[in-house]
Amino acid sequence: MSLAKSFLFCLLILAAPAVLFAQDTVCIQCHGAQSGRLGEPVKLWRGSIHAANGISCHDCHGGDPTDFGNAMNPAKGFLGAPENDAIPDFCGRCHVGVKEDYLQSAHGQALGHGGPQCVTCHGNHRVVAASPDLINPRDCTRCHTYGRAEEIKSAVVATDSMISGLEKDLTRLHRLGIDTKELKGKIFSLRNEFHRLFHSVEVEKVRRQTAGFQKRLGKIRGSISTIEDRLARRKLLGGIAVALLVFGGALALLIYKSYREEE
Amino acid sequence: MSWRKRIYDWVDLRLGVQDLLEQNLTKYLLPRNINAWYTLGAVLITLFVLQFATGILLLIHYVPDQAEAFESVTRIMNDVPYGWLIRYLHVVGSNLIVIALLLHMFSVLFMKSYYRPREVTWLSGFILFNLALALCLTGYLLPWSQLSFWATTVATDAAGAIPVIGDAVVRFLRGGPMVGDVTLGRFFALHVMGLPLLLGLVVGLHLFCVRRAGISRPPFGPDYEPWEPRGSFRHQEHPDGIPFFPNYTAKDLGMICFFLAALLAVVIYAPWLFLPPDSLEPADPFVTPEHIKPEWYFLWAYQTLKIFPSKVLGLGVQGALMTFLALLPFLDRGPERRPAQRPLFVTCFVLGILIIVGISIWGHYS
C-alpha cells in the first residue's frame, strides 16, 4: 500500500538506516532500472526462493546496500560474481551442510572436471528450492543418463510429499489461530536435513536414511492429528451449542406468539 | 411464611421492589404493533455485556507490552483453558456489535424514531456508535500483530491530513512520531478503562432517554397517527399496548438467542472471517504487508480518502456526513414518519446505504 510504503521509506531514512527491507536496497534500485545483462539478475531474483525469504543481493554478493557509492566497494565486503568452481564455497557460506554432502558426492567430486555445481541444478539468481522436481530427465540428461537419478527420485518423492503435506496442514492450522511455531520449526529443520540428503546422490544412503525421516515425520503427524481431533471436538460441541441457541430462540418466539394470540 | 418471602417483604418494604418491577416490567406497556427491529437494543446490551465479560477474562492473561503482547495473545489462544473461545467471542462479538448497531441505526432512520422529542436519544445513540468504533480501533492494536501495527499506522496517519494541527494530532494519537510502545499503552488504557467507562455512561443516558420519553410507536398500520408533546414534557403512553414482561421479553430473548447462535457459529466454524492472515504474524515495523486493509466497517472511510484528490477533502466529506447524521433530528423536523409518505427520504436512505456498501466493496478490492 503506497501510504504504508511511504511511511516505511521515511522510517528507514530517518530512524533505522541499518535495517533494510529487501526491495529498497540500492542494488535493486540501480540494477532494477537497467535493461539487458545488468538488469536481468533483479528480474530473475524476484521469482526466486531467496526473494521469497527476504534474501537480497548483498546477502550473497556483499557490499553496502544502503549507499550507492559503496555498494560495490570491496572494502565494504563486495565479492562480485564467483568463478564457476568457487560457487559451492560461495553458496556454502549459508548452506553449510548441503555443501558438505555435495562435496562428498559424485557431483562434488567432479567439480572442476565438468561436474555440476549449485547453479547447474538450482539456477542462477532465480534460485529454485531443493525438491524432487529438480530431478528430471531434461536436466539430469544434460550430463548423464537418467536411470540412477530416477532411482534417487523414487526413493525421496514419498517422504518429500509427506513433508509438503504436513506443511500445508500446519499452514491451515495456523490460519485457525493454532500456535504451530514449534512444529513448523521441526518440519523446517527436518526438510533441510532431508534435502541435504539429496545432495549425496547415493541411492543406498537415501534409502537407508529415509526410514528415520519418516519416523520423525510420523511423530509430527501424530501431534497434528491430536490438534485436529481437538478441533473436531470443538466443532461438535460448538455445533450442539449453536443448535440449542437456535432452538431456544425459536421456542422464545413461539412463546411470544402464544402471548399475542391470547391478547 | 417461607424465608424467601420474608426476605422479599423486608426488601420490598424499604425499596418498593414490587412497585419498581411492575412499573418497569409487567405494567410497562409497549406499542401493540411493535416489531422485531425494536429487539436490537436488548441484543446490543447482551453483546456489550459479553464483550465486557470476555474483555475482563482476556485482561487476566494479556500483557500490554510491545515485546510481549503478541506472545501473550498466542498463549491465550493455545495454552489458557478456553482462551481461544474467550478471544474469538471478543473479536467476532465486536464485529457483530457493529452490525447490530448499524441495523439499529438504519431501523431508527427508516421509521424516523429520532423525531421530536427523541433528539437526545438519537444523539446519545450516535455517540454510542462512535464510541463502539473507537473501542474497535483501540482494540485492533492490542494483539500487536502485523495487521495491528500497520492498520493503526495507516489509521493514525490519516489524521495528519487535518490542516494546521494534523501533525500534532498524529503525534498525540501515537504518543510519538511512530506507532510504538507508548501508542500501545495509550490504546490499552483507552480500550479497557476510558472508553468502556464512557460507553457505560452513554448507554445509561440512552436507556434513560428511551424509558423517559417512552417507546415510539412504529409508523405502520391503519392506526398510525402523528404524536408529539406540545408545550411541556409528556411520556408517550400505550394504554392498549402489550406488557414488556413477559410478552415482549420473550421476543427479545428469541432474538438474543439467534444473535448468540450466529456469533457462536462464526467462532466455531469460521473464526478466520474477521482475522486476516496478517493478524497472525507478530508486528514488524520494517516489513510492510502487501495488502493491508482496515476492518470492513472502516473500508468506506479508507476508500473515501483515496477517491478525493486531497486527504483534507476526503476527511471533510467524512466529517460532513457524520455531522449530518448526528444532527438529522434537528434538520428533518416534519411530523410525517411513515416511510411510504416520505419517498425522497427513503430514496436517499436506500441510495446512501448502496453508496456506502459500494465504496466499501471498492475499498476491499482496490
# chains A, B, ... in the order shown; residues from 1 in each chain; ligands from 1
$ interface_residues --of "chain B" --to "chain A" --cutoff "7 Å" --atoms "only C-alpha atoms" --output "list in words"
Thr74, Met77, Asn78, Val154, Asn247, Tyr248, Ala250, Lys251, Leu253, Gly254, Met255, Cys257, Phe258, Ala261, Leu264, Ala265, Ile268, Tyr269, Pro271, Trp272, Pro277, Leu280, Phe286, Val287, Thr288, Glu290, His291 and Ile292 of chain B
$ select_by_dssp --residues "range 122-356 of chain B" --states "strand (DSSP E or B)" --output "list of chain:residue names"
B:Ser145, B:Ile242, B:Pro243, B:Pro282
$ residues_around --residues "Glu119 in chain B" --least-positions-apart "5" --cutoff "10 Å" --atoms "only C-alpha atoms" --output "MDAnalysis selection string"
chainID B and resid 113:114 124:125 209 326:330
$ write_last_selection --atoms "N, CA and C atoms" --output "mmCIF file, in the first residue's frame"
data_model
loop_
_atom_site.group_PDB
_atom_site.id
_atom_site.type_symbol
_atom_site.label_atom_id
_atom_site.label_comp_id
_atom_site.auth_asym_id
_atom_site.auth_seq_id
_atom_site.Cartn_x
_atom_site.Cartn_y
_atom_site.Cartn_z
ATOM 1 N N SER B 113 -37.718 7.286 14.068
ATOM 2 C CA SER B 113 -37.934 7.242 15.523
ATOM 3 C C SER B 113 -37.149 8.340 16.230
ATOM 4 N N TYR B 114 -36.278 9.027 15.494
ATOM 5 C CA TYR B 114 -35.497 10.109 16.093
ATOM 6 C C TYR B 114 -36.301 11.399 16.201
ATOM 7 N N SER B 124 -27.482 10.455 21.641
ATOM 8 C CA SER B 124 -26.719 9.568 22.542
ATOM 9 C C SER B 124 -26.424 8.241 21.840
ATOM 10 N N GLY B 125 -27.378 7.769 21.018
ATOM 11 C CA GLY B 125 -27.158 6.540 20.252
ATOM 12 C C GLY B 125 -26.039 6.718 19.237
ATOM 13 N N CYS B 209 -33.185 7.977 28.384
ATOM 14 C CA CYS B 209 -33.969 8.737 27.392
ATOM 15 C C CYS B 209 -35.104 7.883 26.819
ATOM 16 N N ALA B 326 -25.533 13.046 12.772
ATOM 17 C CA ALA B 326 -25.709 13.378 14.182
ATOM 18 C C ALA B 326 -26.825 14.411 14.370
ATOM 19 N N LEU B 327 -26.906 15.366 13.434
ATOM 20 C CA LEU B 327 -27.865 16.472 13.597
ATOM 21 C C LEU B 327 -29.177 16.243 12.849
ATOM 22 N N LEU B 328 -29.343 15.061 12.276
ATOM 23 C CA LEU B 328 -30.530 14.792 11.457
ATOM 24 C C LEU B 328 -31.861 15.147 12.143
ATOM 25 N N PRO B 329 -32.061 14.771 13.430
ATOM 26 C CA PRO B 329 -33.351 15.107 14.070
ATOM 27 C C PRO B 329 -33.629 16.612 14.117
ATOM 28 N N PHE B 330 -32.551 17.402 14.101
ATOM 29 C CA PHE B 330 -32.740 18.857 14.168
ATOM 30 C C PHE B 330 -32.957 19.452 12.778
#
$ residues_around --residues "range 154-171 of chain A" --least-positions-apart "4" --cutoff "8 Å" --atoms "only C-alpha atoms" --output "compact mmCIF listing (two decimals) with N, CA, C and O atoms, in the first residue's frame"
# COMPACT_ATOMS: atom_id res chain seq x y z
N SER A 131 13.90 -29.72 -4.41
CA SER A 131 12.69 -30.56 -4.39
C SER A 131 12.89 -31.68 -5.40
O SER A 131 13.74 -31.56 -6.30
N PRO A 132 12.12 -32.76 -5.30
CA PRO A 132 12.27 -33.86 -6.26
C PRO A 132 12.03 -33.41 -7.71
O PRO A 132 12.50 -34.06 -8.65
N GLU A 150 16.71 -41.30 -11.47
CA GLU A 150 15.31 -41.72 -11.31
C GLU A 150 15.15 -42.58 -10.06
O GLU A 150 14.16 -42.45 -9.33
N ARG A 175 -3.80 -20.78 10.36
CA ARG A 175 -4.88 -19.85 9.95
C ARG A 175 -6.02 -19.85 10.96
O ARG A 175 -6.78 -18.90 11.06
N THR A 180 1.67 -22.91 15.73
CA THR A 180 2.36 -24.01 15.02
C THR A 180 3.87 -23.75 14.94
O THR A 180 4.55 -24.45 14.19
N LEU A 183 6.14 -26.81 15.74
CA LEU A 183 6.05 -27.88 14.73
C LEU A 183 6.61 -27.41 13.39
O LEU A 183 7.27 -28.18 12.68
N LYS A 184 6.39 -26.15 13.06
CA LYS A 184 6.93 -25.61 11.80
C LYS A 184 8.46 -25.63 11.84
O LYS A 184 9.11 -25.93 10.85
N ILE A 187 9.61 -29.17 11.23
CA ILE A 187 9.48 -29.54 9.81
C ILE A 187 10.57 -28.86 9.00
O ILE A 187 11.18 -29.47 8.11
N ARG A 191 13.10 -30.90 6.92
CA ARG A 191 13.10 -30.77 5.45
C ARG A 191 14.51 -30.41 4.95
O ARG A 191 14.99 -30.97 3.97
N PHE A 198 19.58 -35.36 -0.47
CA PHE A 198 19.52 -35.44 -1.95
C PHE A 198 20.92 -35.27 -2.54
O PHE A 198 21.29 -35.89 -3.51
N VAL A 203 21.99 -43.62 -3.79
CA VAL A 203 20.68 -44.26 -3.65
C VAL A 203 20.58 -45.03 -2.34
O VAL A 203 19.59 -44.91 -1.61
N VAL A 206 20.27 -42.76 0.69
CA VAL A 206 18.93 -42.14 0.74
C VAL A 206 17.92 -43.15 1.27
O VAL A 206 17.14 -42.85 2.17
N ARG A 207 17.97 -44.37 0.74
CA ARG A 207 17.00 -45.40 1.17
C ARG A 207 17.18 -45.73 2.65
O ARG A 207 16.20 -45.90 3.38
N THR A 210 15.93 -42.70 4.80
CA THR A 210 14.53 -42.27 4.60
C THR A 210 13.62 -42.79 5.73
O THR A 210 12.75 -42.07 6.20
N PHE A 213 13.72 -40.58 8.68
CA PHE A 213 12.99 -39.33 8.44
C PHE A 213 11.49 -39.57 8.57
O PHE A 213 10.77 -38.77 9.15
N GLN A 214 11.03 -40.70 8.00
CA GLN A 214 9.59 -40.98 8.03
C GLN A 214 9.10 -41.18 9.46
O GLN A 214 7.99 -40.80 9.80
N LEU A 217 8.79 -37.79 10.92
CA LEU A 217 7.61 -37.13 10.34
C LEU A 217 6.32 -37.69 10.94
O LEU A 217 5.34 -36.98 11.14
N ARG A 221 3.18 -35.87 12.50
CA ARG A 221 1.81 -36.19 12.04
C ARG A 221 0.92 -36.46 13.25
O ARG A 221 -0.24 -36.04 13.32
N ILE A 224 -0.07 -33.27 14.92
CA ILE A 224 -1.09 -32.57 14.12
C ILE A 224 -2.45 -33.26 14.29
O ILE A 224 -3.48 -32.60 14.44
$ residues_around --residues "Tyr365 in chain B" --least-positions-apart "5" --cutoff "12 Å" --atoms "only C-alpha atoms" --output "PyMOL selection string"
chain B and resi 291-293+296+299-300+302-303+358-360
